[in-house]
Number of protein chains: 4
Amino acid sequence: MPKVTEEHRNARREQILRATWRCVAREGFHKTTMADVIDESGLSAGAVYGYFRSKDQILTAIADRSVGTVDQVFHDLLADGRAPHPADVLQAVLDRLLDVAGQGDGDLTLIAVQAWGEAVRGGEIHDMIQPRIAGLRDHWVEVARRHQTAGGLGPDADPEQVGRVLLGLIPGFILQRLLLGEVTPDGYAAGVRAMLEA
Amino acid sequence: MPKVTEEHRNARREQILRATWRCVAREGFHKTTMADVIDESGLSAGAVYGYFRSKDQILTAIADRSVGTVDQVFHDLLADGRAPHPADVLQAVLDRLLDVAGQGDGDLTLIAVQAWGEAVRGGEIHDMIQPRIAGLRDHWVEVARRHQTAGGLGPDADPEQVGRVLLGLIPGFILQRLLLGEVTPDGYAAGVRAMLEA
Amino acid sequence: MPKVTEEHRNARREQILRATWRCVAREGFHKTTMADVIDESGLSAGAVYGYFRSKDQILTAIADRSVGTVDQVFHDLLADGRAPHPADVLQAVLDRLLDVAGQGDGDLTLIAVQAWGEAVRGGEIHDMIQPRIAGLRDHWVEVARRHQTAGGLGPDADPEQVGRVLLGLIPGFILQRLLLGEVTPDGYAAGVRAMLEA
Amino acid sequence: MPKVTEEHRNARREQILRATWRCVAREGFHKTTMADVIDESGLSAGAVYGYFRSKDQILTAIADRSVGTVDQVFHDLLADGRAPHPADVLQAVLDRLLDVAGQGDGDLTLIAVQAWGEAVRGGEIHDMIQPRIAGLRDHWVEVARRHQTAGGLGPDADPEQVGRVLLGLIPGFILQRLLLGEVTPDGYAAGVRAMLEA
DNA sequence: AATGAATGAGACTTCATTCAT
DNA sequence: TATGAATGAAGTCTCATTCAT
């Protein structure tokens, strides 16, 4: 019964997703109940279920959005053809990450960490996250390759391996920031630069 | 069975914890129900509650054990006074990690990732994890400092920052391994060595 | 296996009963658990069950003791052959009641009120309380009769009825004291005297 | 069934309360389980919990209703400005009490006695009952005062004390009736009249 | 499309009682 | 007799989902 425009449907989906985002940021992935989502969205139970088949589907969409946002940040910064210093790329990425995380209704990275917890157990969230991470890795490998070409890495270095290491820096940053604080994009990038310019 | 030894009590706690560990590795932190734990342990509900006050307490103990095991691995390898190359330390740490993770009833690192998801939300698990991570960071800072003293890092490098980066490599390794596979201690260490010897 | 003297058995029963009394005075009839009783008595579960077949039996014994103590108070004061003024009898009874209630491990009357709640539902406690109350009623009827003989009641008065009213004053006193406070044996007796000397 | 009227909600609350009332009259305050209430009401667990937050709240509402009904009986009969004989007031009150108790789904007074058992332990039920009883006492004091003015009590009588005694007659009647039977409003009132006309 | 009351399986936890030692 | 760990039925409450209106 398409009495309602596609636009309207998308607005409603967005409304539900933003409400869920706030709940998850506040309560966590599992403590968030459908009642929470329903209250926060201002819609009725029936309405919410009219746009999402199940709680799991909403949560998957949230995980998708959280990882996707991180993903987007990287794409924006890595996609051009230049050969910037990896530490610069890292700093830019982390800066943007914090910038985006600070906006909106709740810390993006907090939700991402919880999405990791789900993803490692397999299932839909895993299948959704995996290609994204793989894509990111390819980007970092490319960054390593260009840095090698530019002479920043020895000829024996394997850009595949270095790319994996560079990718792996991000979760480490996110986790340290959430659990310990006292970590900044500047400092982190400085640490990497020190390592690369030894 | 009156007057049971402390040893017996510990064995029972261990029995419950190992059963829970298997459940969590199989079902995840939140899908694990007390009924699962009770069935898997072979004990009765009352018995389980005789050793742990609540499901949360068992889960916290599991998180503790998972993070604590990782912690132990690092301590064992970082505690001596030598000044090994950071890449060697990293490789040893990751080797041991996989070694320990492969034994036992379920992948240690899989549970650790879920513990992170809990920890970032605050609460008991957070309070338990935080000092451990802080302790690890200190160790890595020390590794960086010795490496600098040995001439492996420039005089302007800040070992504090480099230590944070080194610490941050571990979650990155764990996550890549669980989500993408195709990552080994050797390769990871090689990538770091390439960066440090650029 | 009577390796243990009857005296010893009685002492143990008393120990359990006194412990239960304290629990009931503190927690109420139903919130008192066997674990409470076991802890408070300092005995083991097995020991307690060696002296009482069930929780219900202990609770019945407590109700018995509480009502029995009230009963005893009345008997002591009503049993002699004199013809005292009913208000005097009442005052004496209430005085003794408060005296006894104030001693020991917990307010006697508080437990009695809870015993009423059980008794009206039938069952063992009912069967135990009923003859006691019936006995008390007879005493009060006798008090009324003597008062009538002494000229304190008109010739048309039915001592049976007056006796019931006099008996009924006691629960009213107990309840007002526990719920409202501000009621004393003196005042209560004065009220009755005022009624009888109108 | 969306947009249900307030009337409908009240009908459901009433349905639950009446079902609980029957359970409590049959099983007692504490032996009544939520499963009993759910079965007896014909609703689902979720529905019941949609109208009451907890078992305790339902039970408090029942206690409230039981004491409140007694309360109402008294108010109706004591509120006018006349100066009837206390025995007449008592008889009217007890008549109405039995009348109301006989209707409905289970003996009102039986539930009231159990409410006393709860109330003396403090808590919500205590806080709810106390002002009601205090209000009743004021009424009875007023009855005594008018009776004194009308010459039915000596000038030295303290209406406060007499009022307390009159109030105290009611629990005595209720308890004797439930535990012994053989007590009627007529007889009880006759006993009081005999005392007052001595 | 929207509503929200109703459902009911299933979660966590307690606690009276037993029985091997 | 005494112990106290173990039992497991039963209790209270939650919450994802449905469906009559």
# chains A, B, ... in the order shown; residues from 1 in each chain; ligands from 1

$ select_by_dssp --residues "segment 111-159 of chain B" --states "alpha helix (DSSP H)" --output "MDAnalysis selection string"
chainID B and resid 111:119 124:149 159

$ write_last_selection --atoms "C-alpha atoms" --output "short mmCIF file (atom, residue, chain, number, x, y, z; two decimals), in the first residue's frame"
data_model
loop_
_atom_site.label_atom_id
_atom_site.label_comp_id
_atom_site.auth_asym_id
_atom_site.auth_seq_id
_atom_site.Cartn_x
_atom_site.Cartn_y
_atom_site.Cartn_z
CA ILE B 111 36.07 -13.67 24.84
CA ALA B 112 38.45 -10.77 25.35
CA VAL B 113 36.88 -8.83 22.50
CA GLN B 114 33.50 -9.23 24.11
CA ALA B 115 34.95 -8.14 27.42
CA TRP B 116 36.08 -4.92 25.71
CA GLY B 117 32.51 -4.33 24.62
CA GLU B 118 31.40 -4.56 28.23
CA ALA B 119 34.31 -2.62 29.61
CA GLU B 124 32.69 -3.64 37.22
CA ILE B 125 34.36 -5.05 34.16
CA HIS B 126 35.69 -1.64 33.28
CA ASP B 127 37.13 -1.15 36.73
CA MET B 128 38.77 -4.53 36.56
CA ILE B 129 40.25 -4.10 33.10
CA GLN B 130 41.51 -0.56 33.38
CA PRO B 131 44.41 -1.07 35.78
CA ARG B 132 45.52 -4.13 33.86
CA ILE B 133 45.69 -2.22 30.59
CA ALA B 134 47.44 0.64 32.33
CA GLY B 135 50.01 -1.83 33.66
CA LEU B 136 50.58 -3.22 30.20
CA ARG B 137 51.06 0.23 28.78
CA ASP B 138 53.79 0.90 31.29
CA HIS B 139 55.56 -2.23 30.18
CA TRP B 140 55.43 -1.20 26.53
CA VAL B 141 56.64 2.27 27.38
CA GLU B 142 59.59 0.64 29.08
CA VAL B 143 60.27 -1.46 25.98
CA ALA B 144 60.25 1.71 23.92
CA ARG B 145 62.54 3.46 26.36
CA ARG B 146 65.11 0.68 26.29
CA HIS B 147 64.93 0.56 22.54
CA GLN B 148 65.65 4.27 22.45
CA THR B 149 68.56 3.85 24.84
CA PRO B 159 58.87 6.63 24.56
#

$ residues_around --residues "segment 101-103 of chain A" --least-positions-apart "2" --cutoff "12 Å" --atoms "only C-alpha atoms (C1' of nucleotides)" --output "NGL selection string"
:A and (25 or 66-67 or 69-70 or 73 or 93-99 or 105-112 or 174 or 178)

$ atom_distance --atom1 "atom CA of Thr33 of chain A" --atom2 "atom CA of Asp36 of chain B"
22.1 Å

$ interface_residues --of "chain D" --to "chain E" --cutoff "12 Å" --atoms "only C-alpha atoms (C1' of nucleotides)" --output "JSON, numbers by chain"
{"D": [1, 2, 3, 4, 5, 8, 9, 12, 38, 42, 43, 44, 45, 46, 47, 48, 49, 50, 51]}

$ write_last_selection --atoms "N, CA and C atoms" --output "short mmCIF file (atom, residue, chain, number, x, y, z; two decimals), in the first residue's frame"
data_model
loop_
_atom_site.label_atom_id
_atom_site.label_comp_id
_atom_site.auth_asym_id
_atom_site.auth_seq_id
_atom_site.Cartn_x
_atom_site.Cartn_y
_atom_site.Cartn_z
N MET D 1 -5.27 -3.79 19.99
CA MET D 1 -6.33 -2.93 20.56
C MET D 1 -5.79 -1.59 21.00
N PRO D 2 -5.63 -0.72 20.11
CA PRO D 2 -5.00 0.55 20.47
C PRO D 2 -6.02 1.50 21.09
N LYS D 3 -5.52 2.57 21.61
CA LYS D 3 -6.36 3.64 22.12
C LYS D 3 -7.50 3.13 22.99
N VAL D 4 -7.10 2.51 24.05
CA VAL D 4 -8.11 1.96 24.95
C VAL D 4 -8.50 3.03 25.96
N THR D 5 -9.75 3.05 26.27
CA THR D 5 -10.25 4.08 27.20
C THR D 5 -9.72 3.86 28.61
N HIS D 8 -11.58 1.21 30.25
CA HIS D 8 -11.11 -0.14 29.99
C HIS D 8 -9.94 -0.49 30.90
N ARG D 9 -9.02 0.44 31.05
CA ARG D 9 -7.89 0.21 31.95
C ARG D 9 -8.36 -0.06 33.37
N ARG D 12 -9.73 -3.50 33.72
CA ARG D 12 -8.67 -4.52 33.80
C ARG D 12 -8.03 -4.54 35.18
N ILE D 38 -2.38 -14.75 37.90
CA ILE D 38 -2.45 -14.74 36.43
C ILE D 38 -3.51 -15.73 35.95
N GLY D 42 -7.29 -14.75 34.30
CA GLY D 42 -7.50 -15.06 32.89
C GLY D 42 -6.63 -14.24 31.95
N LEU D 43 -5.74 -13.45 32.52
CA LEU D 43 -4.84 -12.64 31.68
C LEU D 43 -3.48 -13.32 31.57
N SER D 44 -2.60 -12.71 30.81
CA SER D 44 -1.24 -13.23 30.71
C SER D 44 -0.34 -12.52 31.72
N ALA D 45 0.81 -13.12 31.95
CA ALA D 45 1.75 -12.51 32.89
C ALA D 45 2.05 -11.07 32.48
N GLY D 46 2.35 -10.90 31.22
CA GLY D 46 2.69 -9.56 30.74
C GLY D 46 1.58 -8.57 30.97
N ALA D 47 0.36 -8.99 30.74
CA ALA D 47 -0.77 -8.08 30.93
C ALA D 47 -0.85 -7.63 32.38
N VAL D 48 -0.75 -8.59 33.30
CA VAL D 48 -0.83 -8.24 34.72
C VAL D 48 0.25 -7.23 35.07
N TYR D 49 1.47 -7.50 34.59
CA TYR D 49 2.57 -6.59 34.90
C TYR D 49 2.45 -5.26 34.15
N GLY D 50 1.56 -5.21 33.20
CA GLY D 50 1.29 -3.93 32.56
C GLY D 50 0.43 -3.02 33.42
N TYR D 51 -0.24 -3.62 34.39
CA TYR D 51 -1.12 -2.81 35.24
C TYR D 51 -0.59 -2.62 36.65
#

$ residues_around --residues "His30 of chain C" --least-positions-apart "6" --cutoff "10 Å" --atoms "only C-alpha atoms (C1' of nucleotides)" --output "number ranges by chain"
C: 24, 59, 114; D: 29-31, 118

$ residues_around --residues "Ala157 of chain C" --least-positions-apart "4" --cutoff "12 Å" --atoms "only C-alpha atoms (C1' of nucleotides)" --output "PyMOL selection string"
(chain C and resi 141+144-145+147-149+151-153+161-163) or (chain D and resi 187-198)

$ write_last_selection --atoms "N, CA and C atoms" --output "short mmCIF file (atom, residue, chain, number, x, y, z; two decimals), in the first residue's frame"
data_model
loop_
_atom_site.label_atom_id
_atom_site.label_comp_id
_atom_site.auth_asym_id
_atom_site.auth_seq_id
_atom_site.Cartn_x
_atom_site.Cartn_y
_atom_site.Cartn_z
N VAL C 141 -15.58 -14.48 80.66
CA VAL C 141 -17.00 -14.64 81.00
C VAL C 141 -17.15 -14.77 82.52
N ALA C 144 -16.86 -11.47 84.09
CA ALA C 144 -18.12 -10.73 83.93
C ALA C 144 -19.16 -11.23 84.93
N ARG C 145 -19.23 -12.56 85.04
CA ARG C 145 -20.22 -13.15 85.94
C ARG C 145 -20.02 -12.65 87.37
N HIS C 147 -18.50 -10.03 88.36
CA HIS C 147 -18.78 -8.59 88.44
C HIS C 147 -20.28 -8.36 88.54
N GLN C 148 -21.03 -9.17 87.82
CA GLN C 148 -22.48 -9.05 87.89
C GLN C 148 -22.97 -9.42 89.29
N THR C 149 -22.46 -10.53 89.80
CA THR C 149 -22.81 -10.97 91.16
C THR C 149 -22.49 -9.88 92.18
N GLY C 151 -22.69 -6.92 91.71
CA GLY C 151 -23.54 -5.75 91.50
C GLY C 151 -23.04 -4.76 90.48
N GLY C 152 -21.94 -5.09 89.84
CA GLY C 152 -21.36 -4.15 88.88
C GLY C 152 -22.04 -4.17 87.52
N LEU C 153 -22.89 -5.13 87.30
CA LEU C 153 -23.64 -5.20 86.04
C LEU C 153 -25.11 -5.41 86.37
N GLN C 161 -22.02 -12.49 76.85
CA GLN C 161 -21.79 -11.42 75.89
C GLN C 161 -20.75 -10.44 76.40
N VAL C 162 -20.90 -10.07 77.64
CA VAL C 162 -19.95 -9.12 78.20
C VAL C 162 -18.54 -9.71 78.20
N GLY C 163 -18.46 -11.00 78.51
CA GLY C 163 -17.16 -11.68 78.50
C GLY C 163 -16.51 -11.61 77.11
N GLY D 187 -25.20 -9.57 69.70
CA GLY D 187 -24.68 -9.98 70.99
C GLY D 187 -23.57 -9.05 71.47
N TYR D 188 -22.68 -8.71 70.55
CA TYR D 188 -21.56 -7.84 70.90
C TYR D 188 -22.08 -6.48 71.37
N ALA D 189 -23.03 -5.94 70.60
CA ALA D 189 -23.60 -4.65 70.98
C ALA D 189 -24.32 -4.75 72.31
N ALA D 190 -24.99 -5.89 72.54
CA ALA D 190 -25.69 -6.08 73.82
C ALA D 190 -24.69 -6.06 74.96
N GLY D 191 -23.55 -6.72 74.75
CA GLY D 191 -22.52 -6.71 75.78
C GLY D 191 -22.05 -5.30 76.10
N VAL D 192 -21.83 -4.53 75.07
CA VAL D 192 -21.37 -3.16 75.29
C VAL D 192 -22.45 -2.33 75.98
N ARG D 193 -23.70 -2.54 75.56
CA ARG D 193 -24.79 -1.79 76.17
C ARG D 193 -24.88 -2.12 77.66
N ALA D 194 -24.71 -3.41 77.97
CA ALA D 194 -24.75 -3.84 79.38
C ALA D 194 -23.66 -3.14 80.17
N MET D 195 -22.48 -3.01 79.57
CA MET D 195 -21.39 -2.34 80.27
C MET D 195 -21.70 -0.86 80.48
N LEU D 196 -22.27 -0.25 79.47
CA LEU D 196 -22.51 1.19 79.55
C LEU D 196 -23.69 1.54 80.42
N GLU D 197 -24.55 0.58 80.65
CA GLU D 197 -25.75 0.87 81.43
C GLU D 197 -25.70 0.22 82.78
N ALA D 198 -24.50 -0.09 83.22
CA ALA D 198 -24.34 -0.69 84.52
C ALA D 198 -24.71 0.35 85.57
#

$ interface_residues --of "chain F" --to "chain C" --cutoff "12 Å" --atoms "only C-alpha atoms (C1' of nucleotides)" --output "PyMOL selection string"
chain F and resi 1-5

$ atom_distance --atom1 "atom CA of Ile62 of chain B" --atom2 "atom CA of Glu27 of chain B"
13.8 Å

$ closest_residue --among "A:Gly68, A:Pro86, A:Gly122, A:Pro171" --to "chain B" --atoms "only C-alpha atoms"
A:Pro171

$ atom_distance --atom1 "atom CA of Asp56 of chain B" --atom2 "atom CA of Thr32 of chain C"
26.5 Å

$ residues_around --residues "Leu77 of chain D" --least-positions-apart "3" --cutoff "9 Å" --atoms "only C-alpha atoms (C1' of nucleotides)" --output "PyMOL selection string"
chain D and resi 72-74+80+89+92-93

$ write_last_selection --atoms "C-alpha atoms" --output "tab-separated table (two decimals), in the first residue's frame"
chain	number	residue	atom	x	y	z
D	72	GLN	CA	-15.77	3.34	54.46
D	73	VAL	CA	-18.30	1.45	56.51
D	74	PHE	CA	-17.35	3.44	59.56
D	80	ASP	CA	-23.57	12.35	60.65
D	89	VAL	CA	-23.22	2.69	66.41
D	92	ALA	CA	-24.66	-0.75	62.84
D	93	VAL	CA	-20.98	-0.84	62.04
